$ cat my_file36.txt   # compact mmCIF, C-alpha atoms
# COMPACT_ATOMS: atom_id res chain seq x y z
CA MET P 1 117.28 31.56 76.81
CA SER P 2 115.84 34.87 78.05
CA ASN P 3 112.99 34.97 80.52
CA ILE P 4 110.17 37.34 79.54
CA HIS P 5 109.56 38.06 83.24
CA ASP P 6 112.92 39.83 83.30
CA GLU P 7 111.74 42.21 80.56
CA PRO P 8 108.85 44.33 81.90
CA ALA P 9 108.02 45.96 78.55
CA ALA P 10 107.90 42.63 76.72
CA LEU P 11 105.88 41.07 79.51
CA LYS P 12 103.36 43.94 79.43
CA ALA P 13 103.05 43.60 75.64
CA LEU P 14 102.39 39.88 75.99
CA GLN P 15 99.81 40.45 78.75
CA ASP P 16 98.08 43.07 76.60
CA ASP P 17 98.03 40.70 73.61
CA ILE P 18 96.44 37.94 75.68
CA TYR P 19 93.89 40.31 77.21
CA ARG P 20 93.10 41.88 73.83
CA GLU P 21 92.39 38.44 72.36
CA ARG P 22 90.07 37.57 75.26
CA VAL P 23 88.17 40.86 74.99
CA LEU P 24 87.79 40.70 71.20
CA ARG P 25 86.53 37.11 71.45
CA ALA P 26 84.00 38.12 74.12
CA ARG P 27 82.86 41.05 71.99
CA LYS P 28 81.86 38.66 69.21
CA MET P 29 79.58 36.76 71.57
CA THR P 30 76.00 37.53 72.56
CA VAL P 31 74.89 37.84 76.19
CA ALA P 32 73.35 34.36 75.88
CA GLU P 33 76.59 32.89 74.54
CA ARG P 34 78.68 34.48 77.26
CA LEU P 35 76.30 33.16 79.92
CA ALA P 36 76.46 29.67 78.38
CA ASP P 37 80.26 29.90 78.71
CA VAL P 38 79.99 30.97 82.36
CA PHE P 39 77.88 27.88 83.12
CA GLU P 40 80.12 25.51 81.17
CA LEU P 41 83.36 26.88 82.66
CA SER P 42 81.93 26.77 86.18
CA ASN P 43 80.82 23.15 85.91
CA HIS P 44 84.19 22.25 84.41
CA GLN P 45 86.10 24.11 87.12
CA PHE P 46 84.46 22.06 89.85
CA GLY P 47 85.39 18.86 88.01
CA LEU P 48 89.01 19.98 88.05
CA MET P 49 88.82 20.97 91.72
CA LEU P 50 87.44 17.53 92.59
CA ALA P 51 90.20 15.80 90.64
CA GLY P 52 92.81 17.99 92.35
CA ALA P 53 91.38 17.35 95.81
CA MET P 54 91.24 13.57 95.26
CA HIS P 55 94.80 13.57 93.95
CA ARG P 56 96.00 15.60 96.91
CA LEU P 57 94.27 13.28 99.37
CA GLY P 58 95.47 10.22 97.48
CA THR P 59 91.97 8.81 97.33
CA ARG P 60 89.44 7.57 94.80
CA ASP P 61 86.61 8.42 97.18
CA GLU P 62 84.62 11.22 95.55
CA ASP P 63 82.79 12.07 98.77
CA ALA P 64 86.12 12.69 100.49
CA GLY P 65 87.17 14.78 97.50
CA TRP P 66 84.06 16.95 97.66
CA LEU P 67 84.59 17.51 101.40
CA GLU P 68 88.09 18.74 100.64
CA VAL P 69 86.73 21.02 97.89
CA LYS P 70 84.24 22.49 100.39
CA ARG P 71 87.11 23.10 102.82
CA TRP P 72 89.03 24.94 100.10
CA MET P 73 85.97 27.05 99.30
CA GLN P 74 85.50 27.98 102.95
CA ARG P 75 89.14 29.06 103.19
CA LEU P 76 88.79 31.20 100.06
CA ASP P 77 85.62 32.80 101.38
CA ARG P 78 87.26 33.67 104.68
CA VAL P 79 90.03 35.49 102.80
CA ARG P 80 87.79 37.24 100.28
CA GLU P 81 84.97 38.28 102.56
CA ILE P 82 86.82 39.91 105.43
CA GLY P 83 85.15 43.23 106.23
CA PHE P 84 82.32 42.84 103.72
CA TYR P 85 79.85 41.02 105.90
CA SER P 86 78.82 41.23 109.51
CA THR P 87 76.71 39.12 111.82
CA GLU P 88 75.42 42.35 113.39
CA LYS P 89 73.22 44.73 111.46
CA PRO P 90 75.38 47.65 110.24
CA THR P 91 74.11 51.02 111.42
CA ASP P 92 76.21 53.42 109.31
CA LYS P 93 75.16 54.28 105.79
CA MET Z 94 73.58 19.37 89.65
CA THR Z 95 75.01 21.80 87.11
CA LEU Z 96 75.22 25.52 87.77
CA GLU Z 97 72.49 26.20 85.21
CA ALA Z 98 70.18 23.60 86.82
CA LEU Z 99 70.72 25.28 90.18
CA ALA Z 100 70.07 28.70 88.65
CA ILE Z 101 66.78 27.41 87.21
CA CYS Z 102 65.74 26.13 90.67
CA LEU Z 103 66.62 29.47 92.26
CA ILE Z 104 64.75 31.53 89.71
CA ALA Z 105 61.71 29.25 89.89
CA ALA Z 106 61.69 29.50 93.70
CA VAL Z 107 61.92 33.28 93.72
CA GLU Z 108 59.28 33.67 91.01
CA SER Z 109 56.87 31.29 92.72
CA ALA Z 110 57.32 33.23 95.98
CA GLY Z 111 56.25 36.37 94.08
CA VAL Z 112 59.49 38.14 94.94
CA GLU Z 113 61.12 40.51 92.46
CA PHE Z 114 64.78 39.76 91.83
CA MET Z 115 67.72 39.96 89.49
CA VAL Z 116 70.82 37.85 88.98
CA VAL Z 117 73.96 39.66 90.13
CA GLY Z 118 77.57 38.74 90.91
CA ALA Z 119 79.88 36.80 88.64
CA VAL Z 120 77.06 35.45 86.45
CA ALA Z 121 75.89 39.00 85.65
CA ALA Z 122 79.48 40.15 85.10
CA GLY Z 123 80.06 37.22 82.76
CA ALA Z 124 77.02 38.21 80.71
CA TYR Z 125 78.68 41.49 79.75
CA GLY Z 126 82.39 40.88 80.20
CA VAL Z 127 84.82 38.04 79.65
CA PRO Z 128 83.09 34.79 80.67
CA HIS Z 129 84.84 32.99 83.50
CA SER Z 130 83.97 30.30 85.99
CA THR Z 131 82.22 31.04 89.25
CA ARG Z 132 81.42 29.09 92.38
CA ASP Z 133 78.21 30.88 93.20
CA VAL Z 134 74.88 32.19 92.05
CA ASP Z 135 73.93 35.53 93.58
CA LEU Z 136 70.46 37.04 93.50
CA LEU Z 137 69.44 40.52 94.59
CA ILE Z 138 65.92 40.21 95.88
CA SER Z 139 63.32 42.78 96.78
CA ALA Z 140 62.28 43.08 100.41
CA LYS Z 141 58.86 44.46 99.38
CA VAL Z 142 57.05 41.18 100.02
CA ALA Z 143 56.86 40.53 103.77
CA GLY Z 144 58.44 37.19 104.55
CA GLY Z 145 59.69 36.94 100.98
CA ILE Z 146 63.20 35.83 101.85
CA ALA Z 147 61.94 33.19 104.27
CA ALA Z 148 59.54 31.91 101.60
CA VAL Z 149 62.35 31.67 99.04
CA ILE Z 150 64.61 29.86 101.50
CA GLY Z 151 61.79 27.46 102.31
CA LYS Z 152 61.12 26.69 98.66
CA LEU Z 153 64.82 26.10 98.05
CA ASP Z 154 65.28 23.80 101.02
CA PRO Z 155 65.28 20.58 98.95
CA VAL Z 156 68.24 21.84 96.89
CA VAL Z 157 70.05 24.44 99.02
CA GLN Z 158 71.06 24.30 102.66
CA PHE Z 159 71.19 27.82 104.09
CA ASP Z 160 73.29 28.83 107.10
CA ASN Z 161 71.30 29.55 110.25
CA GLN Z 162 73.55 32.51 111.04
CA ILE Z 163 72.11 35.80 109.75
CA VAL Z 164 74.75 37.84 107.92
CA PHE Z 165 74.47 41.45 106.78
CA ASP Z 166 76.11 43.10 103.80
CA THR Z 167 78.16 46.00 105.23
CA LEU Z 168 77.88 48.08 102.05
CA THR Z 169 74.12 48.02 101.53
CA ARG Z 170 73.11 46.89 105.05
CA GLY Z 171 70.74 44.24 103.74
CA ARG Z 172 70.48 40.68 104.98
CA ARG Z 173 72.47 38.15 103.03
CA PRO Z 174 71.40 34.53 103.51
CA VAL Z 175 74.09 32.16 102.25
CA GLY Z 176 73.68 28.52 101.35
CA LEU Z 177 75.36 25.61 99.64
CA SER Z 178 73.72 23.32 97.12
CA ARG Z 179 72.89 20.00 98.74
CA SER Z 180 74.13 18.06 95.72
CA THR Z 181 77.62 18.18 94.28
CA PRO Z 182 79.33 20.32 93.14
CA PRO Z 183 78.85 22.47 96.24
CA PHE Z 184 77.79 25.68 94.49
CA LYS Z 185 77.23 28.62 96.79
CA VAL Z 186 73.98 30.58 96.77
CA GLU Z 187 73.78 34.13 98.06
CA LEU Z 188 70.59 36.13 98.39
CA PHE Z 189 71.16 39.86 98.80
CA GLU Z 190 68.22 41.69 100.30
CA MET Z 191 67.48 45.04 98.66
CA LEU Z 192 66.90 47.69 101.30
CA ASP Z 193 67.13 51.46 100.87
CA ASP Z 194 70.59 51.84 99.35
CA PRO Z 195 70.13 54.51 96.63
CA PHE Z 196 72.41 52.84 94.11
CA VAL Z 197 70.92 49.39 94.58
CA LYS Z 198 67.44 50.87 94.15
CA SER Z 199 68.54 52.53 90.90
CA GLU Z 200 70.22 49.33 89.72
CA PHE Z 201 67.09 47.34 90.45
CA ALA Z 202 64.80 49.83 88.71
CA ARG Z 203 66.95 49.60 85.56
CA ARG Z 204 67.16 45.77 85.47
CA GLN Z 205 66.60 44.09 82.12
CA HIS Z 206 64.55 41.02 81.22
CA VAL Z 207 66.80 38.78 79.11
CA PHE Z 208 66.04 35.39 77.58
CA VAL Z 209 68.82 32.94 78.46
CA PRO Z 210 68.77 29.80 76.26
CA ALA Z 211 71.00 27.89 78.71
CA LEU Z 212 68.24 28.35 81.29
CA SER Z 213 65.39 27.92 78.78
CA ARG Z 214 63.79 31.00 80.27
CA ALA Z 215 64.05 34.73 80.60
CA THR Z 216 65.56 36.20 83.70
CA TRP Z 217 66.44 39.60 85.14
CA LEU Z 218 69.91 41.06 84.83
CA PRO Z 219 71.38 44.44 85.80
CA THR Z 220 72.58 46.75 83.04
CA PRO Z 221 76.31 46.60 82.20
CA GLU Z 222 76.73 50.10 83.66
CA ASP Z 223 75.30 48.94 86.97
CA VAL Z 224 77.52 45.85 87.02
CA ILE Z 225 80.55 48.13 86.60
CA VAL Z 226 79.47 50.54 89.35
CA GLN Z 227 78.73 47.75 91.80
CA LYS Z 228 81.95 45.87 91.06
CA LEU Z 229 84.00 49.04 91.55
CA ARG Z 230 82.17 49.62 94.79
CA TRP Z 231 83.03 46.18 96.15
CA GLY Z 232 86.59 46.73 95.03
CA ARG Z 233 88.08 43.30 95.67
CA SER Z 234 90.65 42.13 93.18
CA LYS Z 235 88.20 39.87 91.35
CA ASP Z 236 85.57 42.64 91.33
CA LEU Z 237 88.01 45.13 89.79
CA ASP Z 238 88.93 42.56 87.13
CA ASP Z 239 85.23 42.05 86.37
CA ALA Z 240 84.67 45.82 86.12
CA CYS Z 241 87.61 46.18 83.75
CA ASP Z 242 86.35 43.26 81.62
CA VAL Z 243 82.85 44.74 81.27
CA LEU Z 244 84.30 48.17 80.41
CA ALA Z 245 86.59 46.59 77.80
CA VAL Z 246 84.04 44.25 76.21
CA GLN Z 247 81.15 46.73 76.16
CA SER Z 248 83.47 49.66 75.30
CA PRO Z 249 83.31 53.05 77.07
CA SER Z 250 82.00 54.61 73.85
CA ALA Z 251 78.92 52.38 73.99
CA LEU Z 252 78.33 52.72 77.74
CA ASP Z 253 76.59 55.51 79.62
CA MET Z 254 79.83 56.74 81.19
CA ALA Z 255 78.11 59.79 82.75
CA TYR Z 256 75.88 57.44 84.75
CA ILE Z 257 78.88 55.35 85.81
CA GLN Z 258 80.96 58.40 86.75
CA ASN Z 259 78.10 59.91 88.73
CA TRP Z 260 77.71 56.84 90.94
CA CYS Z 261 81.48 56.43 91.26
CA MET Z 262 81.67 60.01 92.54
CA GLN Z 263 78.98 59.27 95.10
CA HIS Z 264 80.73 56.07 96.17
CA GLY Z 265 84.22 57.60 96.14
CA THR Z 266 85.40 55.05 93.58
CA GLU Z 267 86.49 57.41 90.75
CA LYS Z 268 90.12 56.32 91.16
CA ARG Z 269 89.15 52.69 90.75
CA LEU Z 270 87.24 53.62 87.59
CA GLN Z 271 90.24 55.52 86.20
CA THR Z 272 92.52 52.59 87.00
CA ALA Z 273 90.15 50.15 85.30
CA LEU Z 274 89.94 52.32 82.19
CA ALA Z 275 93.72 52.73 82.11
CA GLY Z 276 94.10 48.96 82.34
CA ILE Z 277 92.38 48.39 78.99
CA PRO Z 278 95.01 48.04 76.26
CA PRO Z 279 94.32 49.57 72.82
CA LEU Z 280 91.94 47.18 71.08
$ encode --input "my_file36.txt" --output "structure tokens"
Amino acid sequence: MSNIHDEPAALKALQDDIYRERVLRARKMTVAERLADVFELSNHQFGLMLAGAMHRLGTRDEDAGWLEVKRWMQRLDRVREIGFYSTEKPTDK
Amino acid sequence: MTLEALAICLIAAVESAGVEFMVVGAVAAGAYGVPHSTRDVDLLISAKVAGGIAAVIGKLDPVVQFDNQIVFDTLTRGRRPVGLSRSTPPFKVELFEMLDDPFVKSEFARRQHVFVPALSRATWLPTPEDVIVQKLRWGRSKDLDDACDVLAVQSPSALDMAYIQNWCMQHGTEKRLQTALAGIPPL
């Protein structure tokens, strides 16, 4: 069975199809509907992160799971925010 | 606490402190692009009211724990207090202080008052053009994706591309804009 990742043109066509579907769906929505989706997806995402953290720790303790989620978030922030923020007031415009 | 409940608390705190604001970041990008999840609520707030930020932080204290460390945004030079919601999930809250950055001032002057049923209230959002310019300016991978999404969903033919191009020229981000436009497949 062929692997689409070995065929750049086919992979690009598939990626474009998926993206096109997402964009056309979003175009049919109002600002209010899109915002409602942002809230719903965000709440759901944290539920999944908690489940993943508890599974990884091998615990049923939600508090321990949330601590692990916070640790993950801090790691992500450290990676994403390098160079964007400073503890000293920037002087150059 | 859900993200929308936290957003309602934030907006109520800022409004009761008499501080002008608008919602920015991933929530604003999701309003005009492809909705996706986010871990934070970001507000751009005016520095016109003396002590405004401190008042907002004080009002939010029951729901958000802010870091003591003062952090500055290196692009716009404003202060950026960061906090985490005290309840779970640990949503992040970022308050971006509006100083004298010309683009941010323009973005703020053009903000739109939009009723959001999920929040049962109206709130302030940037225009889609300003979301695109700011996301291209930040330029991180997720920001470039957001810019591309807003361009694709709103469509260049319906956007004020001259406004976007003008700010991109001033910010030196024309290449990022061209890349984002090229990344949109025929729809």
$ interface_residues --input "my_file36.txt" --of "chain Z" --to "chain P" --cutoff "8 Å" --atoms "all atoms listed in the file" --output "mmCIF file with C-alpha atoms, in the coordinates of the input"
data_model
loop_
_atom_site.group_PDB
_atom_site.id
_atom_site.type_symbol
_atom_site.label_atom_id
_atom_site.label_comp_id
_atom_site.auth_asym_id
_atom_site.auth_seq_id
_atom_site.Cartn_x
_atom_site.Cartn_y
_atom_site.Cartn_z
ATOM 1 C CA THR Z 95 75.010 21.800 87.110
ATOM 2 C CA LEU Z 96 75.220 25.520 87.770
ATOM 3 C CA GLU Z 97 72.490 26.200 85.210
ATOM 4 C CA VAL Z 120 77.060 35.450 86.450
ATOM 5 C CA GLY Z 123 80.060 37.220 82.760
ATOM 6 C CA ALA Z 124 77.020 38.210 80.710
ATOM 7 C CA TYR Z 125 78.680 41.490 79.750
ATOM 8 C CA GLY Z 126 82.390 40.880 80.200
ATOM 9 C CA VAL Z 127 84.820 38.040 79.650
ATOM 10 C CA PRO Z 128 83.090 34.790 80.670
ATOM 11 C CA HIS Z 129 84.840 32.990 83.500
ATOM 12 C CA SER Z 130 83.970 30.300 85.990
ATOM 13 C CA THR Z 131 82.220 31.040 89.250
ATOM 14 C CA ARG Z 132 81.420 29.090 92.380
ATOM 15 C CA GLN Z 162 73.550 32.510 111.040
ATOM 16 C CA ILE Z 163 72.110 35.800 109.750
ATOM 17 C CA VAL Z 164 74.750 37.840 107.920
ATOM 18 C CA PHE Z 165 74.470 41.450 106.780
ATOM 19 C CA ASP Z 166 76.110 43.100 103.800
ATOM 20 C CA THR Z 167 78.160 46.000 105.230
ATOM 21 C CA LEU Z 168 77.880 48.080 102.050
ATOM 22 C CA THR Z 169 74.120 48.020 101.530
ATOM 23 C CA ARG Z 170 73.110 46.890 105.050
ATOM 24 C CA THR Z 181 77.620 18.180 94.280
ATOM 25 C CA PRO Z 182 79.330 20.320 93.140
ATOM 26 C CA PRO Z 183 78.850 22.470 96.240
ATOM 27 C CA PHE Z 208 66.040 35.390 77.580
ATOM 28 C CA VAL Z 209 68.820 32.940 78.460
ATOM 29 C CA PRO Z 210 68.770 29.800 76.260
ATOM 30 C CA ALA Z 211 71.000 27.890 78.710
ATOM 31 C CA ARG Z 233 88.080 43.300 95.670
ATOM 32 C CA ASP Z 242 86.350 43.260 81.620
ATOM 33 C CA ALA Z 245 86.590 46.590 77.800
ATOM 34 C CA VAL Z 246 84.040 44.250 76.210
ATOM 35 C CA GLN Z 247 81.150 46.730 76.160
ATOM 36 C CA PRO Z 278 95.010 48.040 76.260
ATOM 37 C CA PRO Z 279 94.320 49.570 72.820
ATOM 38 C CA LEU Z 280 91.940 47.180 71.080
#
$ atom_distance --input "my_file36.txt" --atom1 "CA of Pro155 (chain Z)" --atom2 "CA of Pro219 (chain Z)"
27.9 Å
$ atom_distance --input "my_file36.txt" --atom1 "CA of Met94 (chain Z)" --atom2 "CA of Lys228 (chain Z)"
27.8 Å
$ atom_distance --input "my_file36.txt" --atom1 "CA of Leu218 (chain Z)" --atom2 "CA of Leu99 (chain Z)"
16.7 Å
$ residues_around --input "my_file36.txt" --residues "region 157-161 of chain Z" --least-positions-apart "6" --cutoff "6 Å" --atoms "all atoms listed in the file" --output "MDAnalysis selection string"
chainID Z and resid 175:179
$ residues_around --input "my_file36.txt" --residues "Gln271 (chain Z)" --least-positions-apart "2" --cutoff "12 Å" --atoms "all atoms listed in the file" --output "MDAnalysis selection string"
chainID Z and resid 229 237 240:241 244 249 254 257:258 261:262 265:269 273:277
$ build_atoms --input "my_file36.txt" --residues "region 53-85 of chain P" --atoms "N, CA and C atoms" --output "short mmCIF file (atom, residue, chain, number, x, y, z; two decimals), in the frame of the given file"
data_model
loop_
_atom_site.label_atom_id
_atom_site.label_comp_id
_atom_site.auth_asym_id
_atom_site.auth_seq_id
_atom_site.Cartn_x
_atom_site.Cartn_y
_atom_site.Cartn_z
N ALA P 53 91.54 17.70 94.39
CA ALA P 53 91.38 17.35 95.81
C ALA P 53 91.62 15.85 96.02
N MET P 54 91.07 15.02 95.12
CA MET P 54 91.24 13.57 95.26
C MET P 54 92.71 13.18 95.09
N HIS P 55 93.37 13.85 94.16
CA HIS P 55 94.80 13.57 93.95
C HIS P 55 95.60 13.95 95.21
N ARG P 56 95.26 15.12 95.74
CA ARG P 56 96.00 15.60 96.91
C ARG P 56 95.81 14.68 98.12
N LEU P 57 94.56 14.18 98.25
CA LEU P 57 94.27 13.28 99.37
C LEU P 57 94.76 11.86 99.11
N GLY P 58 95.07 11.58 97.83
CA GLY P 58 95.47 10.22 97.48
C GLY P 58 94.34 9.24 97.62
N THR P 59 93.14 9.67 97.16
CA THR P 59 91.97 8.81 97.33
C THR P 59 91.19 8.73 96.02
N ARG P 60 90.39 7.66 95.91
CA ARG P 60 89.44 7.57 94.80
C ARG P 60 88.01 7.79 95.31
N ASP P 61 87.91 8.20 96.55
CA ASP P 61 86.61 8.42 97.18
C ASP P 61 86.12 9.84 96.83
N GLU P 62 85.11 9.90 95.97
CA GLU P 62 84.62 11.22 95.55
C GLU P 62 84.05 12.02 96.71
N ASP P 63 83.38 11.33 97.63
CA ASP P 63 82.79 12.07 98.77
C ASP P 63 83.88 12.78 99.57
N ALA P 64 84.99 12.07 99.77
CA ALA P 64 86.12 12.69 100.49
C ALA P 64 86.66 13.87 99.69
N GLY P 65 86.70 13.70 98.37
CA GLY P 65 87.17 14.78 97.50
C GLY P 65 86.29 16.01 97.59
N TRP P 66 84.98 15.79 97.58
CA TRP P 66 84.06 16.95 97.66
C TRP P 66 84.19 17.66 99.02
N LEU P 67 84.40 16.88 100.09
CA LEU P 67 84.59 17.51 101.40
C LEU P 67 85.82 18.41 101.39
N GLU P 68 86.86 17.94 100.72
CA GLU P 68 88.09 18.74 100.64
C GLU P 68 87.84 20.01 99.80
N VAL P 69 87.07 19.86 98.71
CA VAL P 69 86.73 21.02 97.89
C VAL P 69 85.96 22.04 98.72
N LYS P 70 85.02 21.57 99.52
CA LYS P 70 84.24 22.49 100.39
C LYS P 70 85.18 23.21 101.36
N ARG P 71 86.17 22.49 101.89
CA ARG P 71 87.11 23.10 102.82
C ARG P 71 87.89 24.20 102.11
N TRP P 72 88.30 23.93 100.87
CA TRP P 72 89.03 24.94 100.10
C TRP P 72 88.15 26.17 99.90
N MET P 73 86.87 25.93 99.55
CA MET P 73 85.97 27.05 99.30
C MET P 73 85.79 27.90 100.56
N GLN P 74 85.67 27.22 101.70
CA GLN P 74 85.50 27.98 102.95
C GLN P 74 86.73 28.83 103.25
N ARG P 75 87.91 28.29 102.97
CA ARG P 75 89.14 29.06 103.19
C ARG P 75 89.17 30.28 102.28
N LEU P 76 88.81 30.08 101.01
CA LEU P 76 88.79 31.20 100.06
C LEU P 76 87.81 32.27 100.52
N ASP P 77 86.64 31.84 100.95
CA ASP P 77 85.62 32.80 101.38
C ASP P 77 86.10 33.62 102.57
N ARG P 78 86.78 32.94 103.49
CA ARG P 78 87.26 33.67 104.68
C ARG P 78 88.23 34.78 104.27
N VAL P 79 89.06 34.50 103.26
CA VAL P 79 90.03 35.49 102.80
C VAL P 79 89.32 36.62 102.05
N ARG P 80 88.40 36.25 101.17
CA ARG P 80 87.79 37.24 100.28
C ARG P 80 86.74 38.10 100.95
N GLU P 81 86.15 37.59 102.03
CA GLU P 81 84.97 38.28 102.56
C GLU P 81 85.23 39.09 103.82
N ILE P 82 86.51 39.16 104.21
CA ILE P 82 86.82 39.91 105.43
C ILE P 82 86.36 41.36 105.29
N GLY P 83 85.58 41.83 106.22
CA GLY P 83 85.15 43.23 106.23
C GLY P 83 83.91 43.52 105.41
N PHE P 84 83.47 42.57 104.59
CA PHE P 84 82.32 42.84 103.72
C PHE P 84 81.00 42.42 104.35
N TYR P 85 81.08 41.52 105.30
CA TYR P 85 79.85 41.02 105.90
C TYR P 85 79.97 41.04 107.42
#
